[in-house]
Structure formats: C-alpha cells, structure tokens
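Heads up: the structure comes next, in structure tokens.
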Amino acid sequence: LLALGRPALSGAQATEGAAAAPHRRFEYKYSFKGPHLVQADGTVPFWVHTGNAIPSADQIRITTSLKSQKGSVWTKNKSVFEYWEVEVTFRVTGRGRIGADGLAIWFTEEQGLEGPVFGAADKWNGVGIFFDSFDNDGKKNNPGVIVVGNNGKLLYDHQNDGSTQALASCQRDFRNKPYPVRAKITYYQKTLTVLINNGFTPDKEDYEFCAKVEDMVLPSQGYFGISAATGGLADDHDVLSFLTFQLTEPGKEAPTPDTEIPQKDKEKYQEEFEHFQQELDKKKEEFQREHPDVQGQPGKLFVLFFNDVFETVSDRELRQIFEGQNRIHLEIKQLNRQLDMILDEQRKYVSAVTEEIAKRGAGFPGQQGQVSQQEIETVVKTQEEVIRQVKEIRSSVTDALRSISGAQHPGSAGVYETTQHFNDIKEHLHVVKRDIEHLVQRNTPSSEKQKCPELPPFPSCLSTMHFFIFVAVQTVLFIGYVMYRSQQEAAAKKFF
C-alpha cells in the first residue's frame with residue numbers, strides 16, 4: 001500500500017507546485033526586440049535612448065569600443081505591476097583580453113538617463129544588476145555579476161566594485177562568447193533571483209543560478225533600463241532584446257488594460273478616438289454623395305472597392321499580352337536597325353571589291369583582262385542578289401512591325417500573325433544562305449583557290465564566302481533567339 005501510494009503523493013506535490021507558479025503576461029510597452037526595432041525617425045517604440053547609444057534594426061549598441069563612452073535606454077512609462085520578470089539578451093565584445101567598464105540592468109523609481117554608474121545616474125531608488133568587466137579593486141574577481149540596491153541616498157563604491165554594497169554576486173565571464181549571453185531577472189514575492197546563460201551553447205533555456213536576494217522591497221512602480229560605459233579600455237556593449245513579463249500570484253486576476261492606463265492618457269486617447277470617428281463620418285458622407293446608387297448596398301460597395309484595388313483575371317491576361325506585344329515590337333525594331341547596318345556594310349564592301357578588281361583587271365592585258373571582267377560580273381551579280389534578298393527581309397520585317405503597331409486589341413490572332421511573320425523571316429534567311437552557298441560554289445574555280453584581293457582600308461583579308469556565311473549565321477541565330485524568347489513568354493502566360 002505504501003509503494004502504491006508514493007506515486008500518487010508525488011503527483012499531488014507536482015500539481016501543487018505547478019499551481020503555485022505565477023501567471024506570466026508579456027508587456028510589449030516595456031520590451032524591445034529585433035528585427036525592425038527602430039522606426040523611421042530613429043527612435044525605439046516606448047523607449048528613449050541617451051548618450052552614445054545607437055539603435056539599429058536588430059539591436060541597440062549602448063556603447064561602442066571607444067574610450068570614455070556612456071549610453072543608456074529607458075522605458076518611457078512607469079510599470080504599473082508589482083512583480084515582474086525580464087529576459088535580457090546582450091553581447092559584450094572587445095579585442096583586448098580585459099574589457100571595461102561594463103553593463104547594468106536597472107529597475108528604478110526615476111530614470112537615470114546619464115551618470116557615473118555604468119553610464120546611469122547615482123543615488124537611485126531601486127535595484128541595479130551590474131555586469132562588471134574591469135577589476136578596480138585588484139581582487140581578480142571580475143568579470144562578475146553584482147546585485148546592488150539603493151534607497152536613493154547611497155553613492156556607489158566604484159573603486160571597490162561595489163563589494164561593500166553588494167546584496168548578492170557571482171563570478172561569470174560574459175565577454176567574447178560564441179553565442180549571446182542571456183540574463184533572466186525575476187522579482188516575485190519580494191525575492192529577486194538572477195539566472196545567467198553564459199553563451200556557450202545555442203540553447204536559450206540553458207540558465208545557471210547566479211544570485212538571490214530575499215526580503216527585498218522595491219518601488220511598486222518604476223522604470224526599466226539598461227546602460228553601459230567604457231573607460232581607458234573599451235568594449236562593444238550590444239543589447240539584442242529586452243523582454244518584460246508581468247507576474248501575477250495564483251488566484252489573483254491580472255489587472256485589466258484599462259486600469260493600467262493613467263487618467264491623462266485615457267482622456268488623450270478618447271479625444272483622438274472621437275476625432276478619428278468624426279473624420280470617418282465625414283468620409284462616409286462624401287462617399288455617399290459621390291455614389292448615391294450604392295446606398296444601402298454594402299455588397300455593391302465592396303465590389304466597387306475590390307475593382308478599384310485589385311485587377312481581374314481578364315485584365316491581368318490582357319495586360320500581359322500587351323506587355324508581350326510591346327517586347328516583340330522592340331525586338332523587331334532592333335532587328336530592323338541591325339539589318340540596315342548589314343545592308344550598309346554590304347554596299348560598302350561591294351563598292352570596294354568592285355574598284356579593286358577593276359584596278360587589277362586593268363593591269364593584265366588580253367585573256368587575263370577578259371577573265372577579270374568575268375569575275376567582276378560574277379561578283380557584282382552575286383552582290384546584287386544578296387542585296388535583293390536583304391531588301392526582301394527588310395520589307396518582311398517592316399510589314400510585321402506595321403501589323404503589330406496597328407493592333408488595337410491584342411489577342412490570340414495578333415500572336416499568331418507575329419509568329420507567322422517570324423516564320424517567313426526564317427524561310428527568307430534560309431533561301432539567302434542557300435543561294436549564297438550555291439553562287440560561291442559555282443563561281444569558285446576547282447583548280448586553284450580563290451584569293452581575296454588585298455584592300456588597303458582593311459587590316460586583314462576576308463573572302464566573300466566567309467563574310468556572307470558569317471552574316472547569314474549571325475542573322476539566323478538572332479532571329480532564332482527572338483523566336484525562342486517569344487515562345488518562352490507565351491508558355492509562361494499559360495500559368496495565369
């Protein structure tokens with residue numbers, strides 16, 4: 001019977017312990033955490049920063065690693081709850097083996113915006129938890145964590161690291177850790193407890209007991225803050241988050257939000273609410289005057305709002321088709337410009353080759369002059385054929401450009417016509433390539449290899465066959481790229 005009764009007894013004890021745990025409620029007005037920590041004007045919501053503190057999107061740098069720096073951040077409003085718990089995540093980093101001076105977490109009756117005690121004011125009424133990284137008294141007990149209380153009349157004993165005023169302390173090294181250091185400070189039923197996560201592991205709940213102070217009386221209302229300072233030595237003191245929770249005893253109801261707001265703030269918020277309500281009523285009246293046909297029809301009003309803000313599926317498809325047509329229009333313009341450049345180069349090349357062959361033919365009498373004249377005629381005919389083919393290509397591209405520009409309602413027919421024009425262009429290019437190869441093979445003697453004439457303006461010799469093959473291949477590749485790109489865009493539209 002005793003053996004059977006033991007598990008039941010232990011279960012009852014566990015239930016009693018769980019019931020004795022306080023109720024925790026997160027207080028966002030006394031907390032901050034990244035990302036997007038800073039507003040557009042450089043301030044932190046519900047907090048004020050002073051001194052050398054620099055807020056950023058992910059953290060607040062209380063002091064930089066420069067000598068004689070001081071900074072702090074404090075809540076704008078006093079807390080209205082008796083018991084609380086704060087979880088602070090911070091980093092203290094420096095290049096030296098020893099750092100200075102340290103960082104402090106505060107709960108005081110008044111804001112200690114600036115002063116000699118780790119960047120905050122002395123003679124505070126409340127408690128300060130000091131993370132002291134410099135050994136002032138030479139006892140080799142730093143870095144350490146010290147809990148110091150004050151009733152507003154004592155001066156902090158900085159030379160002795162507050163050892164004569166410390167209510168509790170522990171020795172912990174919090175500098176240059178691989179992970180952020182975390183401190184959990186709980187004030188519940190007049191007992192202050194400090195737990196430390198040394199930052200050796202990524203486990204956020206790996207806390208170790210540091211200090212405990214019993215029968216400690218703190219102000220019922222106060223400001224939360226965190227400050228830091230540097231001296232001859234310097235560290236970067238960065239605070240990543242400051243989370244505050246209200247603790248309520250079991251069986252007691254947590255105060256409602258209305259009771260936590262001061263009377264002045266209530267009146268201010270009520271006045272702002274009435275002002276916004278009047279503005280809303282005016283907007284409603286103006287909208288009803290502008291849209292008399294939707295009065296008493298909230299469904300129709302929603303449809304009008306939806307149509308103004310969002311686009312329908314058909315509108316999106318038409319917009320995408322129109323954007324695709326614009327891209328094709330630009331590509332064809334670019335192709336037309338390149339064809340004009342090719343035509344100009346062809347004309348220049350024909351004129352240069354004709355002049356050079358005429359000069360060489362004039363220097364050889366008899367049969368050689370006759371052969372040169374035949375070569376000239378063959379080359380001229382070939383060039384004229386090429387020019388004619390290029391002109392046909394240009395006219396085809398111009399017709400395609402005209403048909404796309406004149407399309408008032410783009411749709412499936414316009415896309416089909418554009419594809420057909422590209423197919424015609426491709427066929428013309430194949431005809432040009434085939435004709436050029438046929439003419440070159442027919443006019444080149446089999447016994448000896450045709451040599452390119454030496455032209456003074458050109459740095460190197462280039463045969464007619466290679467030039468035309470290069471132009472044809474380049475044009476085919478460009479047209480193929482344009483067609484491939486249009487097909488990809490058309491395929492992408494199917495997903496909509």
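Ligands are numbered from 1 in the order shown, residues from 1 within each chain, and chains are lettered A, B, ... in the order they appear in the structure tokens.
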Can you tell me, as a tab-separated table (two decimals) with all heavy atoms, in the first residue's frame, what residues are no more than 12 Å from Asn136 (chain A) when counting only C-alpha atoms, ignoring any on the same chain fewer than 6 positions away?
```
chain	number	residue	atom	x	y	z
A	98	ILE	N	41.22	42.16	-21.54
A	98	ILE	CA	40.46	42.77	-20.46
A	98	ILE	C	39.60	43.87	-21.05
A	98	ILE	O	40.04	44.64	-21.91
A	98	ILE	CB	41.39	43.35	-19.39
A	98	ILE	CG1	42.29	42.24	-18.83
A	98	ILE	CG2	40.59	43.99	-18.26
A	98	ILE	CD1	43.34	42.75	-17.87
A	99	GLY	N	38.37	43.96	-20.62
A	99	GLY	CA	37.45	44.99	-21.09
A	99	GLY	C	37.05	45.94	-19.98
A	99	GLY	O	37.40	45.76	-18.82
A	100	ALA	N	36.30	46.97	-20.35
A	100	ALA	CA	35.84	47.95	-19.37
A	100	ALA	C	34.71	48.76	-20.01
A	100	ALA	O	34.63	48.88	-21.23
A	100	ALA	CB	36.98	48.87	-18.93
A	101	ASP	N	33.86	49.39	-19.20
A	101	ASP	CA	33.75	49.14	-17.76
A	101	ASP	C	32.72	48.04	-17.49
A	101	ASP	O	32.94	47.17	-16.66
A	101	ASP	CB	33.33	50.40	-17.04
A	101	ASP	CG	34.46	51.38	-16.86
A	101	ASP	OD1	35.60	50.95	-16.92
A	101	ASP	OD2	34.20	52.57	-16.69
A	102	GLY	N	31.59	48.08	-18.22
A	102	GLY	CA	30.59	47.05	-18.02
A	102	GLY	C	29.21	47.54	-18.39
A	102	GLY	O	29.02	48.61	-18.97
A	142	ASN	N	36.74	39.58	-11.35
A	142	ASN	CA	35.99	40.13	-12.49
A	142	ASN	C	36.42	39.38	-13.76
A	142	ASN	O	37.58	38.92	-13.83
A	142	ASN	CB	36.26	41.63	-12.66
A	142	ASN	CG	35.71	42.45	-11.52
A	142	ASN	OD1	36.37	42.60	-10.49
A	142	ASN	ND2	34.52	42.96	-11.70
A	143	PRO	N	35.54	39.26	-14.72
A	143	PRO	CA	34.17	39.77	-14.81
A	143	PRO	C	33.25	39.07	-13.81
A	143	PRO	O	33.42	37.90	-13.52
A	143	PRO	CB	33.75	39.44	-16.25
A	143	PRO	CG	35.03	39.20	-16.99
A	143	PRO	CD	35.96	38.62	-15.98
A	144	GLY	N	32.26	39.83	-13.35
A	144	GLY	CA	31.33	39.32	-12.37
A	144	GLY	C	29.99	40.01	-12.46
A	144	GLY	O	29.84	41.04	-13.13
A	157	ASP	N	30.09	52.60	-4.61
A	157	ASP	CA	31.51	52.45	-4.32
A	157	ASP	C	32.19	51.82	-5.54
A	157	ASP	O	32.39	50.60	-5.61
A	157	ASP	CB	31.69	51.58	-3.07
A	157	ASP	CG	33.14	51.52	-2.62
A	157	ASP	OD1	33.97	52.27	-3.19
A	157	ASP	OD2	33.44	50.72	-1.71
A	158	HIS	N	32.56	52.67	-6.48
A	158	HIS	CA	33.10	52.17	-7.74
A	158	HIS	C	34.52	51.63	-7.58
A	158	HIS	O	34.92	50.69	-8.27
A	158	HIS	CB	33.10	53.29	-8.78
A	158	HIS	CG	32.85	52.79	-10.18
A	158	HIS	ND1	33.62	51.86	-10.80
A	158	HIS	CD2	31.88	53.11	-11.08
A	158	HIS	CE1	33.16	51.63	-12.02
A	158	HIS	NE2	32.09	52.37	-12.20
A	159	GLN	N	35.29	52.18	-6.69
A	159	GLN	CA	36.68	51.75	-6.53
A	159	GLN	C	36.79	50.32	-6.01
A	159	GLN	O	37.74	49.61	-6.32
A	159	GLN	CB	37.43	52.72	-5.57
A	159	GLN	CG	37.52	54.13	-6.11
A	159	GLN	CD	38.29	54.20	-7.41
A	159	GLN	OE1	39.26	53.46	-7.62
A	159	GLN	NE2	37.87	55.10	-8.31
A	160	ASN	N	35.80	49.91	-5.22
A	160	ASN	CA	35.79	48.55	-4.69
A	160	ASN	C	34.83	47.64	-5.44
A	160	ASN	O	34.46	46.57	-4.94
A	160	ASN	CB	35.42	48.56	-3.20
A	160	ASN	CG	36.47	49.27	-2.37
A	160	ASN	OD1	37.67	49.08	-2.58
A	160	ASN	ND2	36.03	50.09	-1.42
A	161	ASP	N	34.42	48.05	-6.63
A	161	ASP	CA	33.48	47.28	-7.46
A	161	ASP	C	32.17	46.98	-6.72
A	161	ASP	O	31.52	45.95	-6.95
A	161	ASP	CB	34.11	45.96	-7.92
A	161	ASP	CG	35.23	46.19	-8.93
A	161	ASP	OD1	35.15	47.20	-9.66
A	161	ASP	OD2	36.15	45.38	-8.98
A	162	GLY	N	31.77	47.90	-5.81
A	162	GLY	CA	30.52	47.73	-5.10
A	162	GLY	C	30.47	46.57	-4.15
A	162	GLY	O	29.39	46.13	-3.74
A	163	SER	N	31.64	46.03	-3.77
A	163	SER	CA	31.65	44.85	-2.90
A	163	SER	C	31.10	45.17	-1.52
A	163	SER	O	30.51	44.30	-0.87
A	163	SER	CB	33.08	44.31	-2.78
A	163	SER	OG	33.96	45.30	-2.26
A	231	GLY	N	35.91	53.03	-20.21
A	231	GLY	CA	36.90	53.92	-19.61
A	231	GLY	C	38.15	53.97	-20.46
A	231	GLY	O	38.11	54.26	-21.65
```
message = Give me the residues near region 27-35 of chain A as number ranges by chain, where near means some atom within 12 Å (using only C-alpha atoms) and where sequence neighbours in that chain fewer than 3 positions away do not count.
response = A: 24, 38-39, 43-48, 55-60, 73-81, 84-90, 107, 222-226, 239-247, 257, 260-261
query = Hey, which of A:Gln277, A:Thr108, A:Gln320, A:Gln487 ends up closest to Pro219 (chain A)? Count only C-alpha atoms.
reply = A:Thr108
query = What is the distance, in Å and to one decimal place, between CA of Glu114 (chain A) and CA of Ser227 (chain A)?
reply = 8.6 Å
query = If you run DSSP on this backbone, which residues of region 15-232 of chain A come out as strand (DSSP E), and could you give them as a PyMOL selection string?
reply = chain A and resi 23-26+32-33+47-51+54-55+60-63+70-75+83-93+102-108+125-132+144-151+166-170+181-188+191-197+208-214+223-229
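The coordinates place CA of Arg172 (chain A) at 20.8 Å from CA of Thr63 (chain A).
Using only C-alpha atoms for every distance, the candidate list A:Ala229, A:Val353, A:Ala166, A:Val379 yields A:Ala229 as the residue closest to Gly71 (chain A).
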task = Would you kindly return, as a list in words, each protein, DNA or RNA residue with an atom no farther than 12 Å from any atom of Lys391 (chain A), considering only C-alpha atoms and excluding same-chain residues fewer than 2 positions away?
result = Asn336, Leu339, Asp340, Ile342, Leu343, Asp344, Gln346, Glu384, Glu385, Val386, Ile387, Arg388, Gln389, Ile393, Arg394, Ser395, Ser396, Val397, Thr398, Ile425, His428, Leu429 and Val432 of chain A
Selection to disk with C-alpha atoms, as a CSV table (one decimal), in the first residue's frame:
```csv
chain,number,residue,atom,x,y,z
A,336,ASN,CA,15.4,46.3,-88.4
A,339,LEU,CA,19.5,44.8,-91.0
A,340,ASP,CA,20.1,48.4,-92.0
A,342,ILE,CA,24.2,44.9,-92.5
A,343,LEU,CA,22.9,46.4,-95.8
A,344,ASP,CA,25.2,49.5,-95.5
A,346,GLN,CA,27.3,45.1,-97.9
A,384,GLU,CA,23.1,42.3,-106.3
A,385,GLU,CA,21.3,39.0,-105.5
A,386,VAL,CA,22.4,39.3,-101.8
A,387,ILE,CA,21.2,42.9,-101.7
A,388,ARG,CA,17.8,41.9,-103.2
A,389,GLN,CA,17.4,39.2,-100.6
A,393,ILE,CA,13.9,40.5,-95.5
A,394,ARG,CA,13.7,44.2,-94.5
A,395,SER,CA,10.3,44.5,-96.2
A,396,SER,CA,9.1,41.4,-94.3
A,397,VAL,CA,10.2,42.8,-91.0
A,398,THR,CA,8.7,46.2,-91.8
A,425,ILE,CA,11.7,35.8,-92.0
A,428,HIS,CA,13.9,34.0,-96.3
A,429,LEU,CA,17.1,33.7,-94.4
A,432,VAL,CA,19.6,33.7,-98.8
```
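Comparing the minimum interatomic distances between Ile321 (chain A) and each of A:Gln111, A:Ser486, A:Ser72, A:Thr50, counting only C-alpha atoms, we find that A:Ser486 sits nearest.
Each of A:Glu290, A:Glu267, A:Glu356, A:Glu345 was compared to Val471 (chain A) using only C-alpha atoms, and A:Glu345 turns out to be the nearest.
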message = Could you list, as a VMD selection string, every residue within 12 Å of Gly251 (chain A), counting only C-alpha atoms and ignoring same-chain residues fewer than 6 positions away?
response = chain A and resid 19 to 23
DSSP-assigned alpha helix (DSSP H) among region 121-264 of chain A, expressed as a short mmCIF file (atom, residue, chain, number, x, y, z; two decimals) with all heavy atoms, in the first residue's frame:
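That gives us part.cif:
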```cif
data_model
loop_
_atom_site.label_atom_id
_atom_site.label_comp_id
_atom_site.auth_asym_id
_atom_site.auth_seq_id
_atom_site.Cartn_x
_atom_site.Cartn_y
_atom_site.Cartn_z
N PRO A 257 -6.36 46.07 -18.92
CA PRO A 257 -5.60 47.15 -19.55
C PRO A 257 -6.13 48.54 -19.22
O PRO A 257 -5.37 49.50 -19.20
CB PRO A 257 -5.74 46.85 -21.04
CG PRO A 257 -6.00 45.38 -21.11
CD PRO A 257 -6.80 45.06 -19.89
N ASP A 258 -7.44 48.66 -18.95
CA ASP A 258 -7.99 49.99 -18.64
C ASP A 258 -7.43 50.53 -17.33
O ASP A 258 -7.18 51.73 -17.19
CB ASP A 258 -9.52 49.92 -18.56
CG ASP A 258 -10.13 49.60 -19.91
OD1 ASP A 258 -9.45 49.87 -20.92
OD2 ASP A 258 -11.25 49.08 -19.95
N THR A 259 -7.23 49.63 -16.35
CA THR A 259 -6.70 50.09 -15.07
C THR A 259 -5.23 50.44 -15.14
O THR A 259 -4.72 51.15 -14.28
CB THR A 259 -6.91 49.00 -14.01
OG1 THR A 259 -6.23 47.80 -14.43
CG2 THR A 259 -8.40 48.70 -13.84
N GLU A 260 -4.52 49.96 -16.16
CA GLU A 260 -3.09 50.23 -16.28
C GLU A 260 -2.81 51.55 -17.00
O GLU A 260 -1.69 52.02 -16.99
CB GLU A 260 -2.42 49.09 -17.04
CG GLU A 260 -2.52 47.75 -16.35
CD GLU A 260 -1.86 46.66 -17.14
OE1 GLU A 260 -1.31 46.97 -18.21
OE2 GLU A 260 -1.88 45.49 -16.71
N GLN A 263 -5.05 58.28 -16.13
CA GLN A 263 -6.25 59.03 -16.49
C GLN A 263 -5.96 60.03 -17.61
O GLN A 263 -6.79 60.23 -18.51
CB GLN A 263 -6.80 59.76 -15.25
CG GLN A 263 -8.13 60.44 -15.47
CD GLN A 263 -9.24 59.46 -15.82
OE1 GLN A 263 -9.20 58.31 -15.40
NE2 GLN A 263 -10.22 59.92 -16.59
N LYS A 264 -4.78 60.65 -17.58
CA LYS A 264 -4.45 61.61 -18.64
C LYS A 264 -4.36 60.93 -20.01
O LYS A 264 -4.86 61.45 -21.01
CB LYS A 264 -3.12 62.30 -18.31
CG LYS A 264 -3.18 63.24 -17.13
CD LYS A 264 -1.83 63.94 -16.93
CE LYS A 264 -1.88 64.90 -15.75
NZ LYS A 264 -0.58 65.59 -15.54
#
```
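The shortest atom-to-atom distance to Thr64 (chain A), with only C-alpha atoms taken into account, belongs to A:His237 out of A:His36, A:Lys153, A:His237, A:Lys212.
Residue neighbourhood of Glu437 (chain A), excluding near-sequence residues (fewer than 5 positions): Val432, Arg442, Met465, Phe468 and Ile469 of chain A, at 9 Å, using only C-alpha atoms.
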